[in-house]
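Below is one structure; the comments refer to it alone.
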Amino acid sequence: MSITEKYVEMPLIKENSVDYRSYQVNLADIAARQSTMIVLSTGLGKTVIAALVTAKRLFEIPDSKVLFLAPSRPLVDQQARYLKRVLDLDENLVVCLTGQDSPENRKTTWRDARVIIMTPQALQNDLIQSSYDLSEVSLVVFDEAHRGVGNYAYTFVAELYERQGKAVRSLGLTASPGHQAEHIKTVCENLRLSHVEVRNESSKDVKEYIVSVDSEVHYIRLPPEIEVLRDILYSIMNDYREPVVEHGFRLPEGRRLTRNEILRTQRAVRKEIGTYTKPPRNLFLVIRNLTALMRTVHLLEFVGTQGLMPTQRYIQGIHEEIRNKKTSKGVQDLVAKSEFQQFKSLLNALISKGHRHPKADSLLEIVSDQLSVNLDSRILIFTRFRDTAVEVTETLEQLDDARVSRFVGQSSRGSDKGFSQKKQVEVLEGFRNNEFNILVATQVGEEGLDIPECNLVIFYDCVPSVVPYIQRKGRTGRRAPGRVVIFVAKGTHDEFYHWSVMSKLKKMPKALEEVEDIEKEKQTSLDEFVSDKHQETSEPLTRIAPQKETAKIKLIVDSRELPTAVARELARLDVQISGETLKIGDYIASEDVAIERKESMDFVQSLIDGRLFVQLSALRSAYRKPVLIIEGEQIIGLRAVNPASIYGALASIAIRIQVPIIWTRNAEETANVLYRIAHLEQVTSKKPLRTRSGESKGTDAEVLEYILSGFPGVDTVTSRALLTEFGTLERIFSSEKENLQRVKGVGPKIAGRIRRLLESKYPSHKEESD
């Protein structure tokens, strides 16, 4: 590598496309040699480093692929545009793949591409179904690597890559790894990253590239009318807290009560309920009070930090839940209280008189000043709640020079429709191209938006975590000096969150120093991990196959189950998974056996909303041997449902509907039970794998598949292959044995059986008796 004027010159990097920065070049050299976590302040070019490492690996291993993972479609689109611009490759070899692309299209595209930018969820679904593997991949880039914990798809991908890859190299990129050394170490272990490199504003080799960011905290005092609203809520809060404490459960005194403290108490109460066969009624009353208390605390946060209109929308949402019978008795009790009615009446009166949160006036003043100084400004405003984003957008539209758009996630909430991935990309493009000069974003906008021109970022509210704080702040000061304004409403959740994050930020440098020293320790543990890889006692890869089986176990899995931990565990057990949209059941083990899986909370909820018996009756009518798996430690006490109702439901399922019930504690146990059920059916009993429907309806294609899969040994996959090859049942049935064998999955045995049955005469009753 060399410097030509001021650009990087190296194989597979286009000339004059990457500015030369020594720290980026050095970090790329390190990351190309060993799997590395790079912690780099926002705006210092993490994607540039990934591009350099990509070029190195593709040049060193010419027939390999590079996989670049990013958490969202806008990020995938953004990274793909950059890589196409700087990599000296045919643009058709650099591709985007997300959940918007069909599984078949992803499979076909993967085959020919060299650089694949994907969302991890789409990749995980494909790997679970063995659509392709990672054997040809020479580098996996984990963007926003701090997500690599728990059941997030990054962890599963890293595990499979270590097992399948032939030239394994991984690169983790993040600006916000967290404030605890143990958390950062966990991420490194999960993503198989043996080395850590940290660069921040004080690092010698990056100082000259740091752009100044002016940060201001605007403390905002609440007006008396909002304080009156809060006083009413504090009174309601005390009404619900006192009975909980009187029953012996701990809750902090005073006005500051957090949702985490309420959730912790709920878990303790539910755990106690689970110890009884017939729990005392007062424990369910405690749960009801805690549920109402949770909503009250949420209302306190809304009215104190978000505004009057967002609070009104939140209450409207509660009433919508009640109308649709999707809420609990605790919430119904809260809404029925006279104090709540008083709160709602005062709130509506204030709104009708034009009152609003003082943040709105401060926002108008700051944005107006910014646009008057620089009409070409790009302004990014963050809020945690979508209801607030609506009000902020409407408020800013009062300004003549404001061209405002919301930027929210994909999920729809009532009448508020989310943004599709396509819409998200379009809005970002409009912001870059000055179609919009103000973006009001929720959490989806915090992560990785590359908008160099953004020169003002406003925190409309404060965040409780250090990660989104760093990400929000990092949206400015990337190329030119920027400004960050943080609104803190005095005496509210804002203030608590703000000082909590400031405390965590102070701890981060020490945590990163600790992590930088883990290389030798981490390398040793990785060596031990790899050396144990083929031993029967190793973890976690020992679960890939419980024991050697001569036949490959298969399961048809409902597509909605593919993102779950159960599907990941099945992949570790080396089960061949075929994802389909199933009308009945979650897992199909044979033509006779289908399994409905219910997590314990979903079991109780489906009992409440009436889905449970409908689903199980349909399962019973479609399959000879239906099975219900209930997954979780307990089902009593999860909701305020009489235990007798739950016991009665279990009895009805087993006796009246005649569906056997299997209980598992977690996803791993569920996967092992599914494996053994499928093994009994497919290996021991030699049953074919096919779906069945309790209805006579269906498309012609489904009916054709259904008819053909009735032949012994012909499962759904094979029936589709035969129909694809021959087109009609007539052509299949008139084909010779040799022609049938041309189809993948049809060997001499199956082909012979099809021909024999087609030519067999149906025996009469007399012939049968003879």
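Residue names in the structure tokens use chain letters A, B, ... in the order shown, residue numbers from 1 in each chain, and ligand numbers from 1 in the order shown.
Within 9 Å of segment 214-222 of chain A there are Glu227, Gly304, His357, Pro358, Lys359, Ser362, Lys473, Gly477, Pro481, Gly482, Arg483, Val484, Val485, Ile486, Phe487, Val488, Ala489, Lys490, Gly491 and Glu495 of chain A, counting only C-alpha atoms and ignoring same-chain residues fewer than 5 positions away.
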Which residues are near Val390 of chain A? Cut-off 8 Å, only C-alpha atoms, ignore same chain within fewer than 4 positions. Put them as JSON, numbers by chain.
{"A": [386, 394, 406]}
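Within segment 296-327 of chain A, DSSP applied to the backbone places the following residues in alpha helix (DSSP H): Thr296, Val297, His298, Leu299, Leu300, Glu301, Phe302, Val303, Gly304, Thr305, Leu308, Met309, Pro310, Thr311, Gln312, Arg313, Tyr314, Ile315, Gln316, Gly317, Ile318, His319, Glu320, Glu321, Ile322 and Arg323 of chain A.
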note - atom CA of Leu97 of chain A and atom CA of Ser405 of chain A are separated by 26.4 Å
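Atom pair atom CA of Thr275 of chain A / atom CA of Glu669 of chain A has a distance of 22.3 Å (rounded to one decimal).
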If you count only C-alpha atoms, which residues fall within 10 Å of segment 179-188 of chain A, apart from same-chain ones fewer than 3 positions away, as JSON, numbers by chain?
{"A": [35, 36, 37, 145, 146, 147, 148, 149, 150, 154, 155, 172, 176, 191, 192, 193, 194, 195, 196, 465, 466, 467, 501, 503, 504, 505, 506, 507, 508, 509, 510, 511, 512, 513, 514, 515, 516, 518, 522]}
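Among the candidates A:Thr393, A:Gln332, A:Arg756, A:Ile458, the residue lying nearest to Ile379 of chain A is A:Ile458 (atoms considered: only C-alpha atoms).
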